[in-house]
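Visitor: Below you'll find coords12.txt; it's compact mmCIF, C-alpha atoms.
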```txt
# COMPACT_ATOMS: atom_id res chain seq x y z
CA THR A 204 0.00 0.00 0.00
CA GLY A 205 3.03 2.26 0.00
CA ASN A 206 2.48 2.51 -3.75
CA SER A 207 -0.69 4.50 -3.07
CA MET A 208 1.67 7.27 -1.95
CA TYR A 209 4.39 6.77 -4.56
CA MET A 210 2.10 6.46 -7.55
CA LEU A 211 -0.20 9.34 -6.65
CA ILE A 212 2.80 11.65 -6.24
CA GLY A 213 4.07 10.48 -9.63
CA PHE A 214 0.64 11.00 -11.18
CA TRP A 215 0.24 14.50 -9.75
CA ALA A 216 3.74 15.36 -10.91
CA ARG A 217 2.81 14.03 -14.38
CA ARG A 218 5.52 11.41 -14.29
CA VAL A 219 3.07 8.50 -14.71
CA THR A 220 -0.27 8.20 -16.48
CA PHE A 221 -3.56 7.30 -14.82
CA GLY A 222 -3.52 4.01 -16.71
CA GLY A 223 -0.03 3.30 -15.43
CA LEU A 224 -1.16 4.08 -11.89
CA LEU A 225 -4.10 1.65 -12.12
CA TYR A 226 -1.91 -1.04 -13.69
CA ASN A 227 0.64 -0.72 -10.91
CA TRP A 228 -1.96 -0.85 -8.16
CA SER A 229 -3.73 -3.83 -9.74
CA MET A 230 -0.55 -5.86 -10.17
CA VAL A 231 0.72 -5.00 -6.69
CA LEU A 232 -2.58 -5.95 -5.04
CA LEU A 233 -2.82 -9.20 -7.00
CA SER A 234 0.79 -10.13 -6.22
CA ASN A 235 0.35 -9.32 -2.53
CA PHE A 236 -2.79 -11.44 -2.37
CA CYS A 237 -1.05 -14.40 -4.02
CA GLY A 238 1.88 -14.10 -1.62
CA CYS A 239 -0.32 -13.77 1.47
CA ALA A 240 -2.67 -16.60 0.50
CA LEU A 241 0.20 -18.95 -0.37
CA THR A 242 2.02 -18.15 2.87
CA VAL A 243 -0.96 -18.77 5.17
CA TYR A 244 -1.88 -21.93 3.24
CA LEU A 245 1.60 -23.43 3.53
CA PHE A 246 2.57 -22.28 7.01
CA GLY A 247 -0.76 -21.56 8.68
CA TYR A 248 -3.10 -24.22 7.29
CA LEU A 249 -1.04 -27.20 6.12
CA SER A 250 1.09 -26.91 9.24
CA LYS A 251 -2.11 -27.17 11.35
CA THR A 252 -0.80 -24.37 13.54
CA PHE A 253 -4.30 -23.11 14.43
CA GLU A 254 -6.12 -26.43 14.40
CA LYS A 255 -6.75 -26.62 18.13
CA GLU A 256 -8.44 -24.29 20.60
CA PRO A 257 -8.16 -21.47 21.51
CA TRP A 258 -6.31 -20.59 18.32
CA LEU A 259 -8.99 -22.05 16.06
CA SER A 260 -11.72 -19.87 17.53
CA TYR A 261 -9.45 -16.84 17.32
CA VAL A 262 -8.68 -17.07 13.59
CA GLN A 263 -12.33 -17.81 12.81
CA ALA A 264 -13.58 -14.88 14.92
CA ALA A 265 -10.98 -12.49 13.46
CA ALA A 266 -12.07 -13.25 9.90
CA GLU A 267 -15.79 -13.09 10.72
CA HIS A 268 -15.40 -9.79 12.58
CA LYS A 269 -13.59 -8.14 9.69
CA VAL A 270 -16.12 -9.33 7.11
CA HIS A 271 -19.24 -8.45 9.08
CA GLU A 272 -18.02 -5.08 10.40
CA ASP A 273 -19.87 -1.97 9.22
CA ALA A 274 -18.38 -0.58 6.00
CA SER A 275 -18.12 2.96 7.36
CA VAL A 276 -16.12 1.72 10.34
CA ILE A 277 -13.77 -0.24 8.06
CA PHE A 278 -13.24 2.81 5.86
CA VAL A 279 -12.45 5.10 8.80
CA ARG A 280 -10.08 2.55 10.35
CA ALA A 281 -8.31 2.08 7.02
CA ILE A 282 -7.34 5.75 6.73
CA PRO A 283 -4.89 5.91 9.68
CA ALA A 284 -3.68 2.38 8.94
CA ASN A 285 -2.01 3.28 5.66
CA ALA A 286 -1.16 6.79 6.81
CA LEU A 287 1.00 5.16 9.49
CA VAL A 288 2.46 2.66 7.00
CA CYS A 289 3.43 5.41 4.55
CA THR A 290 4.83 7.50 7.41
CA CYS A 291 6.90 4.45 8.29
CA ILE A 292 8.21 4.35 4.72
CA LEU A 293 9.16 8.03 4.87
CA PHE A 294 10.96 7.48 8.18
CA GLY A 295 12.88 4.59 6.64
CA LEU A 296 13.87 6.69 3.64
CA SER A 297 14.95 9.58 5.86
CA ALA A 298 17.11 7.56 8.26
CA ARG A 299 20.69 7.23 7.02
CA ASP A 300 21.79 4.09 8.93
CA MET A 301 20.28 0.69 9.70
CA TRP A 302 19.62 1.40 13.38
CA GLY A 303 17.87 4.63 12.49
CA LYS A 304 15.66 2.81 9.99
CA MET A 305 14.79 0.03 12.44
CA VAL A 306 13.91 2.37 15.31
CA SER A 307 11.98 4.91 13.25
CA MET A 308 9.99 2.30 11.31
CA TRP A 309 9.07 0.24 14.37
CA PHE A 310 6.76 2.80 16.02
CA PRO A 311 4.24 3.54 13.19
CA VAL A 312 3.76 -0.14 12.31
CA THR A 313 3.35 -1.09 15.96
CA VAL A 314 0.70 1.59 16.49
CA PHE A 315 -1.26 0.51 13.41
CA ALA A 316 -1.16 -3.18 14.41
CA VAL A 317 -1.98 -2.70 18.09
CA ALA A 318 -4.81 -0.25 17.35
CA GLY A 319 -6.53 -2.81 15.12
CA TYR A 320 -6.78 -0.57 12.09
CA GLU A 321 -7.85 -2.00 8.73
CA HIS A 322 -4.99 -2.59 6.32
CA ALA A 323 -5.89 -4.26 3.03
CA ILE A 324 -2.71 -6.31 2.75
CA ALA A 325 -2.78 -7.42 6.38
CA ASN A 326 -6.39 -8.53 5.86
CA MET A 327 -5.18 -10.71 2.98
CA THR A 328 -3.56 -12.79 5.72
CA TYR A 329 -6.20 -12.69 8.45
CA VAL A 330 -9.31 -13.42 6.40
CA PRO A 331 -8.02 -16.17 4.05
CA LEU A 332 -6.57 -17.96 7.07
CA GLY A 333 -9.93 -17.80 8.83
CA LEU A 334 -11.72 -19.02 5.70
CA MET A 335 -9.40 -22.00 5.47
CA TYR A 336 -10.30 -22.92 9.04
CA GLY A 337 -14.05 -22.67 8.46
CA ALA A 338 -14.99 -19.09 9.38
CA ASP A 339 -18.67 -18.23 8.88
CA CYS A 340 -18.19 -16.00 5.82
CA THR A 341 -17.34 -16.35 2.15
CA PHE A 342 -14.58 -15.12 -0.11
CA GLY A 343 -17.04 -12.93 -2.04
CA GLU A 344 -18.32 -11.33 1.18
CA TRP A 345 -14.78 -10.53 2.22
CA VAL A 346 -13.92 -8.86 -1.10
CA SER A 347 -17.12 -6.81 -1.32
CA LYS A 348 -17.65 -5.93 2.35
CA ASN A 349 -14.10 -5.54 3.62
CA LEU A 350 -11.27 -5.64 1.10
CA LEU A 351 -12.51 -3.03 -1.39
CA VAL A 352 -13.57 -0.69 1.41
CA ALA A 353 -10.21 -1.07 3.16
CA ILE A 354 -8.36 -0.38 -0.11
CA ALA A 355 -10.33 2.85 -0.56
CA GLY A 356 -9.54 3.99 2.98
CA ASN A 357 -5.88 3.04 2.58
CA ILE A 358 -5.65 5.16 -0.57
CA VAL A 359 -7.13 8.13 1.26
CA GLY A 360 -4.78 7.79 4.23
CA GLY A 361 -1.55 6.87 2.49
CA GLY A 362 -2.09 8.45 -0.91
CA PHE A 363 -4.09 11.62 -0.40
CA ILE A 364 -3.08 12.57 3.16
CA VAL A 365 0.58 11.48 3.44
CA GLY A 366 1.32 11.54 -0.31
CA GLY A 367 -0.55 14.83 -0.74
CA ALA A 368 1.42 16.41 2.09
CA GLU A 369 4.70 15.27 0.50
CA PHE A 370 3.65 16.53 -2.91
CA PHE A 371 2.63 20.00 -1.77
CA LEU A 372 5.50 20.46 0.68
CA PHE A 373 8.21 19.68 -1.89
CA GLU A 374 8.83 20.39 -5.55
CA TRP A 375 8.49 17.15 -7.52
CA LYS A 376 8.29 18.52 -11.05
CA SER A 377 11.11 19.26 -13.47
CA ASN A 378 12.41 22.64 -12.42
CA GLN A 379 15.75 23.33 -14.01
CA ALA A 380 15.98 26.91 -12.85
CA ALA A 381 15.39 25.98 -9.20
CA ALA A 382 17.93 23.16 -9.40
CA LEU A 383 20.61 25.43 -10.86
CA HIS A 384 19.86 28.04 -8.21
CA ILE A 385 20.47 25.51 -5.44
CA VAL A 386 23.69 24.41 -7.11
CA GLU A 387 24.93 28.00 -7.23
CA GLN A 388 24.04 28.54 -3.57
CA GLN A 389 25.92 25.43 -2.50
CA ALA A 390 28.95 26.36 -4.58
CA ARG A 391 29.05 29.89 -3.16
CA ALA A 392 28.81 28.60 0.38
CA GLY A 393 31.86 26.46 -0.29
CA GLN A 394 30.12 23.33 0.99
CA GLU A 395 30.92 21.27 -2.09
CA ALA A 396 32.46 21.90 -5.52
CA LEU A 397 29.51 21.01 -7.73
CA GLY A 398 30.67 22.32 -11.11
CA GLN A 399 29.28 25.20 -13.13
CA PRO A 400 26.31 25.09 -15.55
CA GLN A 401 27.15 25.62 -19.17
CA ALA A 402 26.48 29.15 -20.31
CA GLY A 403 22.99 29.29 -21.80
CA GLY A 404 22.81 25.53 -22.01
CA GLY A 405 20.99 24.80 -18.78
CA VAL A 406 22.90 21.57 -18.23
CA ILE A 407 25.53 20.54 -15.72
CA PRO A 408 28.90 18.89 -16.36
CA SER A 409 29.74 15.73 -14.44
CA ALA A 410 29.20 16.51 -10.75
CA SER A 411 28.03 15.16 -7.43
CA PHE A 412 25.20 16.85 -5.59
CA VAL A 413 24.70 16.94 -1.84
CA ARG A 414 21.46 15.56 -0.46
CA ARG A 415 20.34 17.39 2.67
CA ASN A 416 17.94 16.77 5.48
CA CYS A 417 15.66 19.39 7.04
CA SER A 418 18.46 20.77 9.19
CA GLY A 419 20.62 21.35 6.11
CA SER A 420 23.40 18.90 7.01
CA ALA A 421 24.97 16.98 4.14
CA LEU A 422 23.90 13.34 4.06
CA GLU A 423 24.85 11.68 0.81
CA TYR A 424 26.03 12.30 -2.72
CA THR A 425 24.11 11.63 -5.91
CA SER A 426 26.18 11.32 -9.09
CA VAL A 427 24.87 13.21 -12.13
CA ALA A 428 26.01 12.36 -15.64
CA ALA A 429 27.64 15.03 -17.76
CA GLY A 430 25.21 17.11 -19.80
CA ALA A 431 22.11 15.85 -18.00
CA ALA A 432 19.33 18.28 -17.13
CA PRO A 433 18.73 18.45 -13.37
CA VAL A 434 15.34 17.72 -11.84
CA MET A 435 13.99 18.56 -8.40
CA TYR A 436 12.91 15.37 -6.58
CA GLY A 437 11.75 16.11 -3.06
CA ASN A 438 14.82 17.59 -1.37
CA ARG A 439 17.22 16.06 -3.92
CA ILE A 440 18.57 17.11 -7.27
CA ILE A 441 18.73 14.30 -9.81
CA THR A 442 18.55 13.84 -13.55
CA ASP A 443 15.64 12.64 -15.64
CA ASP A 444 17.39 9.28 -15.99
CA HIS A 445 17.74 8.94 -12.24
CA TYR A 446 14.15 10.11 -11.72
CA ALA A 447 12.70 7.48 -14.08
```
For the file at hand, write its structure as structure tokens.
Guide:
Amino acid sequence: TGNSMYMLIGFWARRVTFGGLLYNWSMVLLSNFCGCALTVYLFGYLSKTFEKEPWLSYVQAAAEHKVHEDASVIFVRAIPANALVCTCILFGLSARDMWGKMVSMWFPVTVFAVAGYEHAIANMTYVPLGLMYGADCTFGEWVSKNLLVAIAGNIVGGGFIVGGAEFFLFEWKSNQAAALHIVEQQARAGQEALGQPQAGGGVIPSASFVRRNCSGSALEYTSVAAGAAPVMYGNRIITDDHYA
């Protein structure tokens, strides 16, 4: 469901088409379902892990509760679920070392799981497992009453709220003038020798650009090929080739 954020930002920035967005979401959802269903079948059902009480009653009740819950409740619970997941993704991208990624990503996922919010991909594990163990609901009921509603809420939370905030807070479109302006500022400050743009050409010779966090401290370097037009990508400067 992180792709609800990625793809909507790309669509708003006119980097992907609406058809491409739908294709990506469809393939990702189908692939996630296949992976979840196969995993619970092999390691949850064939292994007979939940065959005896009280685990049998638990997996049955969990599936039945999710399917028979009111649609409005599912939708509202799905919004913060994917908002937290996408926030987790942003924390992981922002952290520059493994410990930072592990610590920052642990909290949002833990909150979403403990709170019992509705996450479409997580439900692809809970409900099929319950169905395999005889829960009082059907596959069609799950898809129509829970899964589609949860997907809609996840898109709102992760795509429109978190993705929308990212899109409007940062410049995601090609903006050569802004990129060159940042390069000139960095060069004048003496923070890094980034090369000079060709006169009137609007392109940059081979150089390495500094990626910065919100405090302005240098974090990493992104190589840019000679003669490539720079593009603003969040708080980074990259080329069209890197962007694609």
Visitor: Tell me, as a list in words, which residues lie within 12 Å of A:Leu245, counting all atoms listed in the file; anything in the same chain fewer than 6 positions away does not count.
Guide: Gly238, Cys239, Lys251, Thr252, Leu332 and Met335 of chain A
Visitor: Rank nothing, just name the residue among A:Thr290, A:Gln263, A:Asn227, A:Asn349 nearest to A:Gly361, using only C-alpha atoms.
Guide: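 Smallest separation from A:Gly361 among the options: A:Thr290.
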Visitor: Set the distance at 6 Å and use only C-alpha atoms: which residues neighbour stretch 366-373 of chain A once local chain neighbours fewer than 2 positions away are removed? I'd like the list as a ChimeraX atom specification.
Guide: /A:208,212,362-364,437
Visitor: Using only C-alpha atoms, pick whichever of A:Trp258, A:Phe342, A:Trp228, A:Phe310 has the shortest atom-to-atom distance to A:Ile358.
Guide: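 Nearest candidate to A:Ile358 out of A:Trp258, A:Phe342, A:Trp228, A:Phe310: A:Trp228.
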Visitor: Residues near A:Leu232, anyone? I mean within 9 Å using all atoms listed in the file, not counting same-chain ones fewer than 5 positions away, as a ChimeraX atom specification.
Guide: /A:204,227,237,323-324
Visitor: Report, in Å with one decimal, the straight-line distance from atom CA of A:Gly303 to atom CA of A:Ala281.
Guide: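 It comes out at 26.9 Å.
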Visitor: Just to confirm, what's the straight-line distance from atom CA of A:Tyr226 to atom CA of A:Leu287 in Å (one decimal)?
Guide: 24.2 Å
Visitor: When you count all atoms listed in the file, which of these residues is closest to A:Ala338: A:Ala265, A:Leu224, A:Met230, A:Ala216?
Guide: A:Ala265
Visitor: When you count all atoms listed in the file, which of these residues is closest to A:Arg280: A:Trp215, A:Tyr320, A:Phe236, A:Tyr336?
Guide: A:Tyr320
Visitor: Go through A:Leu293, A:Leu334, A:Leu211, A:Ala274 one by one, measure the shortest atom-to-atom distance of each to A:Ser347 using all atoms listed in the file, and give the residue with the smallest value.
Guide: A:Ala274
